[in-house]
Amino acid sequence: MAPRLVISAAHKSSGKTTLTIGLLAALTKRGLRVQPFKKGPDYIDPLWHRAASGQQSWNLDFYSMTHGEMRTLAARESFGADLALIEGNKGLFDGMDTEGSDDTAALARLMKAPVILVIDARGMTRGIAPLLKGYREFAPDLDIGGVILNQVAGPRHEGKLRQALARYLPDLPVLGAIPRETELVVAERHLGLVPANEQVAASEVIALLAASVERHVDLDRLLEIAKRAEAFDPPPALPASPKSDLRIAIAQDSAFGFYYPDDLRAFAQNGAQLVPFDTMRDYHIPENVDGLFIGGGFPETHLRALAGNRVLRNEIKAMLKAGLPCHAECGGLMYLAKSIRWEGQRAEMVGLIKAEVAMQDRPVGRGYVRLSETGQGLWEPLAENGGSFAAHEFHHSHLEGLGKDQTYAFKVVRGAGIQDGFDGLVVGNTMASYAHLRSVAATPWVSRFIDFVRRNRR
């Protein structure tokens with residue numbers, strides 16, 4: 001595996017995502033191939049990673065993947081890169097397990113990578129020393145390679161921070177000090193950062209972040225620290241994809257962009273060609289398709305454009321009612337409903353699902369979920385012996401007016417789902433859920449869906 005670093009922080013909202021974006025862009029400007037990764041099930045940060053580096057960003061997730069899968073994916077996708085940059089989530093020691101088996105520190109150990117800590121220094125001077133001293137003593141086996149100070153008020157503030165660290169932690173290098181600059185804030189929304197595929201000025205934001213990192217971070221020293229990462233065994237080659245005998249239409253635009261790259265690759269590995277279309281600009285889905293995939297996104301922020309494309313909405317509804325197999329997740333579920341209501345607006349959607357989507361100010365379902373199968377789904381079961389399997393949800397909406405007599409593919413063991421402890425609404429040959437599935441060894445949903453599409457076509 002390539003030289004690598006894990007970017008983490010003492011707590012969430014410390015600026016590690018904006019710093020990661022700036023690092024990716026600044027190092028890419030040098031002509032380096034920088035391969036990004038993101039810890040956890042995040043969709044939005046990887047979109048920014050890709051926009052900044054030109055490389056697809058891959059998710060590394062303890063909840064849905066085995067350690068072997070994570071290491072193999074990281075080694076394979078960073079093979080030949082000059083640097084692998086892994087962005088953690090939350091704080092360095094924050095995870096679901098109080099023993100620390102799933103936090104960013106555990107990921108750094110698994111990846112055998114040094115950690116760079118981003119510290120939000122607002123309101124802090126000498127106090128930074130015991131904070132970082134405690135972090136090192138809490139996990140002495142962890143290679144904390146350096147610190148980048150963020151939100152520094154000015155030269156005097158920076159000087160006090162550097163003096164404190166030089167006095168009490170002289171062997172911990174300060175790799176940079178980024179001043180408090182309001183223009184370096186990536187716009188946020190109710191689910192976090194606005195996706196890079198949706199923010200009009202994404203390239204300008206990335207350029208600002210890169211310029212700030214170039215001015216304030218010692219990139220050469222950072223690259224030297226990355227070389228301390230221990231070597232990985234060469235990754236096994238992926239098997240060759242078979243010749244495609246299926247065509248699956250996929251909604252890919254600024255309203256629907258939440259897709260795991262390994263899920264998309266799994267379609268090709270199962271003999272299916274993905275054919276993209278735009279739900280707001282295309283009046284028809286691609287010709288001669290055997291199935292449809294509508295992933296997550298923010299349809300509520302595109303109400304007028306989605307509602308305005310009545311021709312496409314009517315065509316999708318007619319094709320799904322005629323039996324075209326479809327898998328829809330979260331935003332896709334919302335799009336297939338009768339309408340979406342948000343901030344005083346109401347807009348008509350596809351209308352396959354006889355319910356209205358109502359947006360809420362606070363999350364309705366958020367975080368990791370576990371599902372078990374009801375036996376009424378469309379595909380072969382994902383979990384063996386009737387067990388549960390992992391997924392993820394993050395939605396501020398719920399369905400109103402949905403009748404009680406519905407068919408569901410999944411029982412919610414943990415999480416919110418659609419209603420009454422169920423998820424995976426089955427309507428004809430369509431399965432729509434709030435849960436986002438990940439096509440990994442434990443949950444090979446893509447192969448199950450493709451098998452269903454192939455059987456249905458025959």
# chains A, B, ... in the order shown; residues from 1 in each chain; ligands from 1
>>> select_by_dssp(residues="segment 233-412 of chain A", states="strand (DSSP E)", output="number ranges by chain")
A: 246-251, 256-258, 272-277, 291-294, 296-297, 326-329, 337-342, 345-348, 353-359, 365-373, 389-395, 397-400, 407-412
>>> closest_residue(among="A:Ala121, A:Leu27, A:Ala391, A:Ala201", to="Val413 of chain A", atoms="only C-alpha atoms")
A:Ala391
>>> residues_around(residues="Asp253 of chain A", least_positions_apart="4", cutoff="12 Å", atoms="only C-alpha atoms", output="ChimeraX atom specification")
/A:195-198,257-259,276-282,294-299,302,305-306
>>> write_last_selection(atoms="C-alpha atoms", output="PDB file, in the first residue's frame")
ATOM      1  CA  PRO A 195     -22.450  17.765  -1.611  1.00  0.00           C
ATOM      2  CA  ALA A 196     -19.777  18.839  -4.061  1.00  0.00           C
ATOM      3  CA  ASN A 197     -21.976  17.643  -6.943  1.00  0.00           C
ATOM      4  CA  GLU A 198     -24.597  20.174  -5.822  1.00  0.00           C
ATOM      5  CA  GLY A 257     -25.612  11.232  -6.020  1.00  0.00           C
ATOM      6  CA  PHE A 258     -25.216   9.021  -2.951  1.00  0.00           C
ATOM      7  CA  TYR A 259     -23.668   5.811  -4.251  1.00  0.00           C
ATOM      8  CA  PRO A 276     -26.950   7.069 -16.078  1.00  0.00           C
ATOM      9  CA  PHE A 277     -29.765   9.552 -16.565  1.00  0.00           C
ATOM     10  CA  ASP A 278     -30.693  12.950 -15.111  1.00  0.00           C
ATOM     11  CA  THR A 279     -34.032  13.133 -13.300  1.00  0.00           C
ATOM     12  CA  MET A 280     -34.359  16.856 -14.006  1.00  0.00           C
ATOM     13  CA  ARG A 281     -33.075  17.201 -17.564  1.00  0.00           C
ATOM     14  CA  ASP A 282     -33.853  13.916 -19.298  1.00  0.00           C
ATOM     15  CA  ILE A 294     -32.308   5.389  -7.636  1.00  0.00           C
ATOM     16  CA  GLY A 295     -29.912   6.106  -4.788  1.00  0.00           C
ATOM     17  CA  GLY A 296     -29.899   8.685  -2.048  1.00  0.00           C
ATOM     18  CA  GLY A 297     -29.525  12.422  -2.252  1.00  0.00           C
ATOM     19  CA  PHE A 298     -31.403  15.608  -1.499  1.00  0.00           C
ATOM     20  CA  PRO A 299     -34.537  15.627  -3.696  1.00  0.00           C
ATOM     21  CA  HIS A 302     -34.671  20.230  -6.135  1.00  0.00           C
ATOM     22  CA  ALA A 305     -36.949  20.825 -11.184  1.00  0.00           C
ATOM     23  CA  LEU A 306     -38.051  17.302 -10.246  1.00  0.00           C
TER      24      LEU A 306
END
>>> select_by_dssp(residues="segment 282-445 of chain A", states="helix (DSSP H, G or I)", output="number ranges by chain")
A: 299-308, 310-321, 331-336, 384-386, 445
>>> write_last_selection(atoms="C-alpha atoms", output="PDB file, in the first residue's frame")
ATOM      1  CA  PRO A 299     -34.537  15.627  -3.696  1.00  0.00           C
ATOM      2  CA  GLU A 300     -36.146  18.155  -1.330  1.00  0.00           C
ATOM      3  CA  THR A 301     -33.715  20.848  -2.491  1.00  0.00           C
ATOM      4  CA  HIS A 302     -34.671  20.230  -6.135  1.00  0.00           C
ATOM      5  CA  LEU A 303     -38.434  20.168  -5.817  1.00  0.00           C
ATOM      6  CA  ARG A 304     -39.239  22.526  -8.670  1.00  0.00           C
ATOM      7  CA  ALA A 305     -36.949  20.825 -11.184  1.00  0.00           C
ATOM      8  CA  LEU A 306     -38.051  17.302 -10.246  1.00  0.00           C
ATOM      9  CA  ALA A 307     -41.734  18.198 -10.294  1.00  0.00           C
ATOM     10  CA  GLY A 308     -41.311  20.092 -13.556  1.00  0.00           C
ATOM     11  CA  ARG A 310     -43.628  15.497 -15.543  1.00  0.00           C
ATOM     12  CA  VAL A 311     -42.840  13.441 -18.652  1.00  0.00           C
ATOM     13  CA  LEU A 312     -40.082  11.475 -16.905  1.00  0.00           C
ATOM     14  CA  ARG A 313     -42.075  11.056 -13.692  1.00  0.00           C
ATOM     15  CA  ASN A 314     -45.035   9.637 -15.576  1.00  0.00           C
ATOM     16  CA  GLU A 315     -42.805   7.332 -17.609  1.00  0.00           C
ATOM     17  CA  ILE A 316     -41.057   5.962 -14.518  1.00  0.00           C
ATOM     18  CA  LYS A 317     -44.380   5.342 -12.791  1.00  0.00           C
ATOM     19  CA  ALA A 318     -45.782   3.536 -15.824  1.00  0.00           C
ATOM     20  CA  MET A 319     -42.687   1.371 -16.262  1.00  0.00           C
ATOM     21  CA  LEU A 320     -42.569   0.414 -12.581  1.00  0.00           C
ATOM     22  CA  LYS A 321     -46.268  -0.428 -12.556  1.00  0.00           C
ATOM     23  CA  GLY A 331     -33.860   9.928  -1.622  1.00  0.00           C
ATOM     24  CA  GLY A 332     -35.006   7.408  -4.208  1.00  0.00           C
ATOM     25  CA  LEU A 333     -37.822   6.317  -1.884  1.00  0.00           C
ATOM     26  CA  MET A 334     -38.853   9.970  -1.501  1.00  0.00           C
ATOM     27  CA  TYR A 335     -38.855  10.480  -5.275  1.00  0.00           C
ATOM     28  CA  LEU A 336     -41.172   7.505  -5.794  1.00  0.00           C
ATOM     29  CA  GLU A 384     -27.685 -16.500   6.451  1.00  0.00           C
ATOM     30  CA  ASN A 385     -29.936 -18.540   8.746  1.00  0.00           C
ATOM     31  CA  GLY A 386     -32.394 -15.701   9.256  1.00  0.00           C
ATOM     32  CA  TRP A 445     -27.308  -6.867  -2.236  1.00  0.00           C
TER      33      TRP A 445
END
>>> residues_around(residues="Lys112 of chain A", least_positions_apart="5", cutoff="12 Å", atoms="only C-alpha atoms", output="mmCIF file with N, CA and C atoms, in the first residue's frame")
data_model
loop_
_atom_site.group_PDB
_atom_site.id
_atom_site.type_symbol
_atom_site.label_atom_id
_atom_site.label_comp_id
_atom_site.auth_asym_id
_atom_site.auth_seq_id
_atom_site.Cartn_x
_atom_site.Cartn_y
_atom_site.Cartn_z
ATOM 1 N N MET A 1 0.843 -1.199 0.000
ATOM 2 C CA MET A 1 0.000 0.000 0.000
ATOM 3 C C MET A 1 0.870 1.237 0.000
ATOM 4 N N ALA A 2 0.345 2.308 -0.549
ATOM 5 C CA ALA A 2 1.084 3.560 -0.686
ATOM 6 C C ALA A 2 1.405 4.166 0.680
ATOM 7 N N PRO A 3 2.369 5.095 0.748
ATOM 8 C CA PRO A 3 2.536 5.902 1.968
ATOM 9 C C PRO A 3 1.190 6.524 2.335
ATOM 10 N N ARG A 4 0.903 6.643 3.625
ATOM 11 C CA ARG A 4 -0.455 7.045 3.992
ATOM 12 C C ARG A 4 -0.488 7.760 5.322
ATOM 13 N N LEU A 5 -1.595 8.494 5.499
ATOM 14 C CA LEU A 5 -1.860 9.239 6.718
ATOM 15 C C LEU A 5 -3.333 9.135 7.052
ATOM 16 N N VAL A 6 -3.638 9.173 8.337
ATOM 17 C CA VAL A 6 -5.015 9.296 8.801
ATOM 18 C C VAL A 6 -5.179 10.699 9.363
ATOM 19 N N ARG A 71 -8.696 -3.719 4.620
ATOM 20 C CA ARG A 71 -7.277 -3.667 4.237
ATOM 21 C C ARG A 71 -7.100 -3.954 2.748
ATOM 22 N N ALA A 74 -8.280 -0.887 0.756
ATOM 23 C CA ALA A 74 -7.321 0.213 0.866
ATOM 24 C C ALA A 74 -6.061 -0.068 0.057
ATOM 25 N N ALA A 75 -5.559 -1.290 0.144
ATOM 26 C CA ALA A 75 -4.335 -1.634 -0.586
ATOM 27 C C ALA A 75 -4.558 -1.604 -2.092
ATOM 28 N N ALA A 84 -1.851 7.897 0.235
ATOM 29 C CA ALA A 84 -3.234 7.597 0.595
ATOM 30 C C ALA A 84 -3.601 8.477 1.779
ATOM 31 N N ILE A 86 -6.527 9.227 4.490
ATOM 32 C CA ILE A 86 -7.715 8.618 5.080
ATOM 33 C C ILE A 86 -8.321 9.597 6.077
ATOM 34 N N THR A 104 -11.508 5.930 15.072
ATOM 35 C CA THR A 104 -10.495 6.277 14.065
ATOM 36 C C THR A 104 -9.116 5.778 14.473
ATOM 37 N N ALA A 105 -8.845 5.737 15.772
ATOM 38 C CA ALA A 105 -7.562 5.175 16.234
ATOM 39 C C ALA A 105 -7.441 3.717 15.819
ATOM 40 N N ALA A 106 -8.533 2.963 15.931
ATOM 41 C CA ALA A 106 -8.509 1.558 15.505
ATOM 42 C C ALA A 106 -8.266 1.450 14.009
ATOM 43 N N LEU A 107 -8.828 2.377 13.239
ATOM 44 C CA LEU A 107 -8.594 2.356 11.795
ATOM 45 C C LEU A 107 -7.128 2.665 11.485
ATOM 46 N N ASP A 141 0.681 3.215 21.743
ATOM 47 C CA ASP A 141 1.054 2.440 20.564
ATOM 48 C C ASP A 141 0.722 3.161 19.264
ATOM 49 N N LEU A 142 -0.062 4.232 19.345
ATOM 50 C CA LEU A 142 -0.503 4.945 18.152
ATOM 51 C C LEU A 142 0.567 5.937 17.714
ATOM 52 N N ASP A 143 0.829 5.992 16.437
ATOM 53 C CA ASP A 143 1.824 6.921 15.892
ATOM 54 C C ASP A 143 1.132 8.240 15.551
ATOM 55 N N ILE A 144 1.122 9.173 16.498
ATOM 56 C CA ILE A 144 0.604 10.516 16.218
ATOM 57 C C ILE A 144 1.757 11.314 15.640
ATOM 58 N N ALA A 226 4.266 10.436 6.221
ATOM 59 C CA ALA A 226 3.459 9.386 5.583
ATOM 60 C C ALA A 226 4.297 8.170 5.219
ATOM 61 N N LYS A 227 5.578 8.370 4.981
ATOM 62 C CA LYS A 227 6.448 7.253 4.602
ATOM 63 C C LYS A 227 6.732 6.317 5.777
ATOM 64 N N ARG A 228 6.366 6.711 6.984
ATOM 65 C CA ARG A 228 6.567 5.848 8.145
ATOM 66 C C ARG A 228 5.547 4.711 8.194
ATOM 67 N N ALA A 229 4.488 4.799 7.407
ATOM 68 C CA ALA A 229 3.456 3.755 7.416
ATOM 69 C C ALA A 229 4.064 2.415 7.039
ATOM 70 N N GLU A 230 3.658 1.361 7.747
ATOM 71 C CA GLU A 230 4.202 0.034 7.496
ATOM 72 C C GLU A 230 3.684 -0.511 6.166
ATOM 73 N N ALA A 231 4.473 -1.384 5.561
ATOM 74 C CA ALA A 231 4.125 -1.938 4.256
ATOM 75 C C ALA A 231 2.961 -2.917 4.369
ATOM 76 N N PHE A 232 2.165 -2.957 3.316
ATOM 77 C CA PHE A 232 1.081 -3.930 3.171
ATOM 78 C C PHE A 232 1.477 -4.959 2.132
#
>>> closest_residue(among="A:Phe93, A:Tyr63, A:Phe293, A:Phe452", to="Ala328 of chain A", atoms="only C-alpha atoms")
A:Phe293
